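Notes follow once the structure below has been shown.
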Amino acid sequence: MTRTQFIIRRVLWIIPVLFSVALITFIVMHATPGGPWDVDPNKADRRISDQLDKTFGLNKPLFFNPEAFQQAQKEGRGVIESGQAFIDAQFENYIFSLLRGDLGPSYRYRGRSVSDVIFGVQDDKPAWQSKIGTTATLGILALLFALAFGIPMGIISALKQNTAVDYASLFVVTIGYGIPSFVMGILLIIVFAVWLGVINVIEIDYWQRWQSWFLPTIVLGLPTAAFAARLTRASMLDVMRSDYIRTARAKGLGERVVVLRHMLRNALIPVVTFAGPALAGLVTGSFIIENQFGVAGIGDLFVRSVSRRDYTVIMALTLFYALLIALANLAVDIIYGFLDPRIQMGKKEG
Amino acid sequence: MGTLLEVKDLRTEFHTQDGVVHAVNGVTFAVDEGETLGLVGESGCGKSVSVLSVMRLIPQPPGKIAGGQVLFQGRDLLTVDDEEIRSVRGNKIAMVFQDPMTSLNPVLTIDTQIGESLELHLGMTKEQARKRSVELLKMVGIPEAEGRIEDYPHQFSGGMRQRVMIAMALSCTPQLLIADEPTTALDVTILAQIIDIVKRLKRELGMAIIWITHDLGVIAGLADRINVMYAGFIIETAPVKEIFGNPLHPYTLGLLGSIPRLDETRKEKLTPIEGLPPDLVTMPTGCPFYDRCRFRTEKCLHENPPLEVSAVRHSVACWNWQDVVKARGRA
Ligand SMILES: Nc1ncnc2c1ncn2[C@@H]1O[C@H](COP(=O)(O)OP(=O)(O)OP(=O)(O)O)[C@@H](O)[C@H]1O
Ligand SMILES: [Mg+2]
């Protein structure tokens, strides 16, 4: 199996994965009581909600439409048309419009499509200020913070194994890892917003003041930074003990060259491999933090949409998360091949 | 010829959770310029630790050089500063390690790995180093060296990698080459080729060699002199002909009895004598070979025999070596 075949196969695998995710989400979503129109069931006007159901096709059966099928049969229509009538149901209709690239209308952002809600920006702001752009920015910042903080910390604690430096880093790691993000978030909000009063976490536009990004970035990135530090340390210790490092020293190379040229690249292979899934994890794992810090991204949107039963937005975001994670895993394999020449399957580097 | 390396009373230990492992217990030997010294003994007897201590390459901690001197061209390598020991490593003393599969850096090209010594010690530019690397690869018999210089270690077979290791070690024409069981991971034909290469290069370059092995058969045609090690001691040292013709230590006798014939496979490790070497954490006060010895006496249990001269250029650490001679005569 060549590299290309391998990649193609892996890409094709994503299709059934996404389909399954769509199906499961759809089932769970509709099994949950309530619907997009009844924020307050007492106030909901039955006639209006029926009308809305009809407009958006929510009055149709979920998976199969035997009634329409029988109707078509009665009217003596052909096999194809009858078949089409049979699958004239919510799930199939969603999938077909998805295949056409249409994510459907949002039920709660009246008059806006789901694509517009997720990707669109108000007025003529740049595209990265959309909801998805905001979350991606936060994720990337958090990843950069995690790597910039975690990798050097891991390297240093490996080089200074079992010294005070190493233990201090273990302390930081334990805190970063052990304290849940929402607790850390509240803690930092209390310290910086309430006590020090240096930031404002209510109704801020993150694109107005770049300083605003600091806290959510740190809170989101800290567990990943802790993990990166641990991973780097373990990997460094492994490399430090290896025969080829002894060979490098036996050549008379100085410590700097031994560390920078001979150790780092080997030690960072597992860390870089982990960066892809880590980013996916950060982008898909920012609900609470976005909510807490008022970051107007898709994490915040997702939480709101779930409670408001905005079915199409829920579906779109879930599928997006699934796609992201699948792609991250794929990227791991590809990046790995670049970093580690041994993975280059039977092909000369060049 | 002058003395190149003089190791005096070298002691190396490892401080582990199970206690202090006495890996090398006062080893004294010398290597003359251009001489080939064989270092033999069972697995775990301290061969690698001895030579790694000479290069100060023992991992510290847990390792610790507890005493002794390593005089190389008059300087004690154990006391010189880091910069000075680095100017010796890879330049005047070079080393080839046991396992060619793990001793090369998997993510750097052969070019980089050979070239960096040349740039460091001989001050060559990248271009010069590259040219020289190709020559070195040709010298150790790697076909199409120009085309392979950009390759990574995993693109070479085990035998080829060991050639690369040798090329790397020889790059700065060292005065002393230490080869730590360079052939154990290789099959018999490759082993013979590697030995031929080393013999030829030794003739051409005139360097001294310390060749470590636990197989006396390999070393017979190569060494001028042999040190036999046991439990961190040198227990016999003699010119190679003497070791084979007039072995004095019961352990050496046992080693010789277990040399495989050439038509047998060399792969398996030798267990020359019944029993196991002593635990290096709780060293016995007497002779470390006591438990396994056919010639043991009461004295051996209480006193460890020192390495003493028995004949010209021949020393042995045994109270009863005369009995060994007699027993050999009867056999
Ligand atoms: N890093 C270490 N930590 C603890 N003990 C060690 C360490 N390195 C070596 N030793 C101990 O030192 C002793 C001598 O080991 P050494 O590697 O010198 O043996 P050797 O004669 O080279 O054997 P082999 O033929 O298997 O290579 C062994 O008992 C080993 O357990
Ligand atoms: Mg060894």
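A note on labels: chains of the structure tokens are A, B, ... as shown, every chain counts residues from 1, and ligands are counted from 1 in their shown order.
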May I ask you to write as a list in words all residues lying at most 10 Å from ligand 2, with only C-alpha atoms and all ligand atoms counted?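 Going residue by residue within 10 Å of ligand 2, we get Gly41, Glu42, Ser43, Gly44, Cys45, Gly46, Lys47, Ser48, Val49, Ser50, Val51, Leu52, Phe97, Gln98, Asp99, Asp180, Glu181, Pro182, Ile212, Thr213 and His214 of chain B.
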Tell me the residues of chain B close to chain A, meaning within 7 Å using only C-alpha atoms, as a PyMOL selection string.
chain B and resi 86-90+94-95+102-105+107+117+154
_Can you tell me which residues surround B:Gly245 at a distance of at most 12 Å, considering only C-alpha atoms, apart from same-chain residues fewer than 6 positions away, and format the answer as a ChimeraX atom specification?_
/B:220,238-239,252-253,256,314,325,328-329
Just list as a PDB file with C-alpha atoms, in the first residue's frame whatever in stretch 132-324 of chain B DSSP marks as helix (DSSP H, G or I).
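Wrote result-v1.pdb, looks like this:
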```pdb
ATOM      1  CA  ARG B 132      35.587  13.453   3.240  1.00  0.00           C
ATOM      2  CA  SER B 133      32.497  11.539   4.419  1.00  0.00           C
ATOM      3  CA  VAL B 134      32.110  10.018   0.973  1.00  0.00           C
ATOM      4  CA  GLU B 135      35.769   8.956   1.037  1.00  0.00           C
ATOM      5  CA  LEU B 136      35.300   7.415   4.456  1.00  0.00           C
ATOM      6  CA  LEU B 137      32.249   5.471   3.343  1.00  0.00           C
ATOM      7  CA  LYS B 138      34.226   4.166   0.376  1.00  0.00           C
ATOM      8  CA  MET B 139      37.056   3.211   2.694  1.00  0.00           C
ATOM      9  CA  ALA B 145      28.840   6.057  -1.392  1.00  0.00           C
ATOM     10  CA  GLU B 146      28.035   9.333  -3.188  1.00  0.00           C
ATOM     11  CA  GLY B 147      24.450   8.276  -3.701  1.00  0.00           C
ATOM     12  CA  ARG B 148      23.970   7.090  -0.161  1.00  0.00           C
ATOM     13  CA  PRO B 153      20.194   5.057   8.958  1.00  0.00           C
ATOM     14  CA  HIS B 154      17.032   3.002   8.454  1.00  0.00           C
ATOM     15  CA  GLN B 155      17.881   2.738   4.769  1.00  0.00           C
ATOM     16  CA  GLY B 158      22.812  -3.848  10.030  1.00  0.00           C
ATOM     17  CA  GLY B 159      26.217  -4.647   8.539  1.00  0.00           C
ATOM     18  CA  MET B 160      26.190  -1.437   6.507  1.00  0.00           C
ATOM     19  CA  ARG B 161      25.273   0.597   9.539  1.00  0.00           C
ATOM     20  CA  GLN B 162      28.188  -0.841  11.463  1.00  0.00           C
ATOM     21  CA  ARG B 163      30.431   0.206   8.567  1.00  0.00           C
ATOM     22  CA  VAL B 164      28.955   3.682   8.846  1.00  0.00           C
ATOM     23  CA  MET B 165      29.718   3.625  12.569  1.00  0.00           C
ATOM     24  CA  ILE B 166      33.299   2.628  11.817  1.00  0.00           C
ATOM     25  CA  ALA B 167      33.620   5.334   9.170  1.00  0.00           C
ATOM     26  CA  MET B 168      32.303   7.813  11.709  1.00  0.00           C
ATOM     27  CA  ALA B 169      34.751   6.662  14.357  1.00  0.00           C
ATOM     28  CA  LEU B 170      37.693   6.817  11.979  1.00  0.00           C
ATOM     29  CA  VAL B 188      29.080 -14.527  10.577  1.00  0.00           C
ATOM     30  CA  THR B 189      29.964 -13.404   7.058  1.00  0.00           C
ATOM     31  CA  ILE B 190      29.420  -9.735   7.867  1.00  0.00           C
ATOM     32  CA  LEU B 191      31.453 -10.239  11.022  1.00  0.00           C
ATOM     33  CA  ALA B 192      34.389 -11.555   9.003  1.00  0.00           C
ATOM     34  CA  GLN B 193      34.123  -8.604   6.607  1.00  0.00           C
ATOM     35  CA  ILE B 194      34.079  -6.077   9.430  1.00  0.00           C
ATOM     36  CA  ILE B 195      37.119  -7.681  11.036  1.00  0.00           C
ATOM     37  CA  ASP B 196      38.954  -7.563   7.716  1.00  0.00           C
ATOM     38  CA  ILE B 197      38.114  -3.899   7.310  1.00  0.00           C
ATOM     39  CA  VAL B 198      39.392  -3.087  10.785  1.00  0.00           C
ATOM     40  CA  LYS B 199      42.613  -5.056  10.225  1.00  0.00           C
ATOM     41  CA  ARG B 200      43.249  -3.255   6.969  1.00  0.00           C
ATOM     42  CA  LEU B 201      42.528   0.163   8.432  1.00  0.00           C
ATOM     43  CA  LYS B 202      44.732  -0.555  11.399  1.00  0.00           C
ATOM     44  CA  ARG B 203      47.605  -1.313   9.020  1.00  0.00           C
ATOM     45  CA  GLU B 204      46.908   1.802   6.983  1.00  0.00           C
ATOM     46  CA  LEU B 205      46.265   4.225   9.828  1.00  0.00           C
ATOM     47  CA  LEU B 216      37.896 -15.344  22.266  1.00  0.00           C
ATOM     48  CA  GLY B 217      37.628 -16.823  18.784  1.00  0.00           C
ATOM     49  CA  VAL B 218      36.952 -13.436  17.220  1.00  0.00           C
ATOM     50  CA  ILE B 219      39.890 -11.765  18.880  1.00  0.00           C
ATOM     51  CA  ALA B 220      42.541 -14.452  18.237  1.00  0.00           C
ATOM     52  CA  VAL B 240      47.497 -13.339  22.674  1.00  0.00           C
ATOM     53  CA  LYS B 241      49.754 -16.364  22.032  1.00  0.00           C
ATOM     54  CA  GLU B 242      50.303 -16.794  25.761  1.00  0.00           C
ATOM     55  CA  ILE B 243      46.593 -16.655  26.526  1.00  0.00           C
ATOM     56  CA  PHE B 244      45.887 -19.401  24.034  1.00  0.00           C
ATOM     57  CA  GLY B 245      49.045 -21.443  24.681  1.00  0.00           C
ATOM     58  CA  PRO B 250      40.911 -21.253  35.763  1.00  0.00           C
ATOM     59  CA  TYR B 251      38.370 -18.865  34.250  1.00  0.00           C
ATOM     60  CA  THR B 252      40.500 -18.263  31.145  1.00  0.00           C
ATOM     61  CA  LEU B 253      40.909 -22.009  30.837  1.00  0.00           C
ATOM     62  CA  GLY B 254      37.151 -22.376  30.900  1.00  0.00           C
ATOM     63  CA  LEU B 255      36.707 -19.616  28.316  1.00  0.00           C
ATOM     64  CA  LEU B 256      39.151 -21.342  25.976  1.00  0.00           C
ATOM     65  CA  GLY B 257      37.368 -24.638  26.383  1.00  0.00           C
ATOM     66  CA  TYR B 290      35.461 -18.952  44.070  1.00  0.00           C
ATOM     67  CA  ASP B 291      31.978 -20.460  43.622  1.00  0.00           C
ATOM     68  CA  ARG B 292      32.694 -21.715  40.146  1.00  0.00           C
ATOM     69  CA  GLU B 298      40.453 -22.228  51.763  1.00  0.00           C
ATOM     70  CA  LYS B 299      42.584 -19.146  51.100  1.00  0.00           C
ATOM     71  CA  CYS B 300      40.511 -18.235  48.026  1.00  0.00           C
ATOM     72  CA  LEU B 301      37.406 -17.882  50.154  1.00  0.00           C
ATOM     73  CA  HIS B 302      38.965 -15.215  52.386  1.00  0.00           C
ATOM     74  CA  TRP B 321      47.758 -20.819  39.020  1.00  0.00           C
ATOM     75  CA  GLN B 322      50.592 -23.309  39.420  1.00  0.00           C
ATOM     76  CA  ASP B 323      47.942 -26.006  39.981  1.00  0.00           C
ATOM     77  CA  VAL B 324      46.291 -24.897  36.769  1.00  0.00           C
TER      78      VAL B 324
END
```
Neighbour list for A:Gly150 as a PyMOL selection string, cut-off 8 Å, only C-alpha atoms, skip fewer than 6 positions in-chain | chain A and resi 224-230+232
Generate a file of the selected residues that holds N, CA and C atoms, formatted as a compact mmCIF listing (two decimals), in the first residue's frame.
```txt
# COMPACT_ATOMS: atom_id res chain seq x y z
N THR A 224 -3.74 21.52 28.31
CA THR A 224 -2.96 21.05 27.17
C THR A 224 -1.47 21.35 27.39
N ALA A 225 -1.18 22.51 27.96
CA ALA A 225 0.21 22.86 28.26
C ALA A 225 0.80 21.85 29.25
N ALA A 226 0.02 21.51 30.25
CA ALA A 226 0.47 20.54 31.25
C ALA A 226 0.75 19.20 30.59
N PHE A 227 -0.17 18.81 29.71
CA PHE A 227 0.02 17.53 29.03
C PHE A 227 1.25 17.57 28.13
N ALA A 228 1.40 18.67 27.40
CA ALA A 228 2.56 18.81 26.52
C ALA A 228 3.86 18.75 27.32
N ALA A 229 3.87 19.37 28.48
CA ALA A 229 5.08 19.36 29.32
C ALA A 229 5.42 17.94 29.75
N ARG A 230 4.41 17.20 30.15
CA ARG A 230 4.62 15.83 30.60
C ARG A 230 5.08 14.94 29.47
N THR A 232 6.54 15.89 26.68
CA THR A 232 7.89 16.28 26.26
C THR A 232 8.93 15.73 27.22
```
Residue contacts of A:Ser82 (12 Å, only C-alpha atoms) excluding same-chain residues fewer than 5 positions away, as a CSV table (one decimal) with N, CA, C and O atoms, in the first residue's frame:
```
chain,number,residue,atom,x,y,z
A,65,ASN,N,-41.6,7.8,5.3
A,65,ASN,CA,-42.9,8.4,5.1
A,65,ASN,C,-43.9,7.5,4.4
A,65,ASN,O,-44.1,7.6,3.2
A,66,PRO,N,-44.4,6.4,5.1
A,66,PRO,CA,-45.2,5.4,4.4
A,66,PRO,C,-46.5,6.1,3.9
A,66,PRO,O,-47.0,5.6,2.8
A,67,GLU,N,-47.0,7.1,4.6
A,67,GLU,CA,-48.2,7.7,4.1
A,67,GLU,C,-48.1,8.3,2.7
A,67,GLU,O,-48.9,8.1,1.9
A,68,ALA,N,-47.0,9.1,2.6
A,68,ALA,CA,-46.8,9.7,1.3
A,68,ALA,C,-46.6,8.6,0.2
A,68,ALA,O,-47.0,8.8,-0.9
A,69,PHE,N,-46.0,7.5,0.6
A,69,PHE,CA,-45.8,6.4,-0.3
A,69,PHE,C,-47.1,5.8,-0.8
A,69,PHE,O,-47.3,5.7,-2.0
A,70,GLN,N,-48.0,5.6,0.2
A,70,GLN,CA,-49.3,5.0,-0.2
A,70,GLN,C,-50.1,6.0,-1.1
A,70,GLN,O,-50.7,5.6,-2.0
A,71,GLN,N,-50.0,7.2,-0.7
A,71,GLN,CA,-50.6,8.3,-1.5
A,71,GLN,C,-50.2,8.2,-2.9
A,71,GLN,O,-51.0,8.2,-3.9
A,72,ALA,N,-48.8,8.1,-3.1
A,72,ALA,CA,-48.2,8.1,-4.4
A,72,ALA,C,-48.7,6.8,-5.2
A,72,ALA,O,-49.0,6.9,-6.4
A,73,GLN,N,-48.8,5.7,-4.5
A,73,GLN,CA,-49.2,4.5,-5.1
A,73,GLN,C,-50.7,4.6,-5.6
A,73,GLN,O,-51.0,4.2,-6.7
A,74,LYS,N,-51.5,5.2,-4.7
A,74,LYS,CA,-52.9,5.4,-5.0
A,74,LYS,C,-53.0,6.2,-6.3
A,74,LYS,O,-53.8,5.9,-7.2
A,75,GLU,N,-52.2,7.2,-6.3
A,75,GLU,CA,-52.3,8.1,-7.5
A,75,GLU,C,-51.6,7.5,-8.7
A,75,GLU,O,-51.6,8.1,-9.8
A,76,GLY,N,-51.1,6.2,-8.5
A,76,GLY,CA,-50.6,5.5,-9.7
A,76,GLY,C,-49.3,6.0,-10.2
A,76,GLY,O,-49.1,6.0,-11.4
A,77,ARG,N,-48.5,6.6,-9.4
A,77,ARG,CA,-47.2,7.1,-9.9
A,77,ARG,C,-46.2,6.0,-10.0
A,77,ARG,O,-46.3,4.9,-9.4
A,87,ILE,N,-39.1,8.2,1.2
A,87,ILE,CA,-38.1,8.8,2.0
A,87,ILE,C,-38.2,10.3,2.1
A,87,ILE,O,-37.2,11.0,2.4
A,88,ASP,N,-39.4,10.8,1.8
A,88,ASP,CA,-39.6,12.2,2.1
A,88,ASP,C,-39.8,12.5,3.6
A,88,ASP,O,-40.9,12.7,4.0
```
Exercise for review: Take atom 26 (O, counted along the ligand's line) of ligand 1 and atom CA of B:Arg11 and report the distance between them in Å, one decimal.
Suggested key: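 Going from atom 26 (O, counted along the ligand's line) of ligand 1 over to atom CA of B:Arg11, I get 18.3 Å.
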*Find the residues around A:Asn291 up to 10 Å (only C-alpha atoms counted), leave out those fewer than 2 positions away in its own chain, and share them as a count of residues only.*
16
Self-check item: Spatial neighbours of B:Pro288, max dist 9 Å, only C-alpha atoms, sep filter under 5 positions, as a list in words
Solution: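 Contacts, in chain order: Tyr230, Ala231, Phe233, Pro277, Pro278, Met283, Cys300, Leu301 and Asn304 of chain B.
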The residue from B:Glu13, B:Glu144, B:Asp187, B:Glu33 with the smallest atom-to-atom distance to B:Ala208, counting only C-alpha atoms, is B:Glu33
Worksheet item: What is the atom CA of B:Val80-atom CA of B:Gly67 distance in Å, reported with one decimal?
Response: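 Separation of atom CA of B:Val80 and atom CA of B:Gly67: 14.5 Å.
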Pick the closest to ligand 1 from B:Leu10, B:Ala23, B:Leu5, B:Ile234: which is it, counting only C-alpha atoms and all ligand atoms?
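Closest candidate: B:Ala23.
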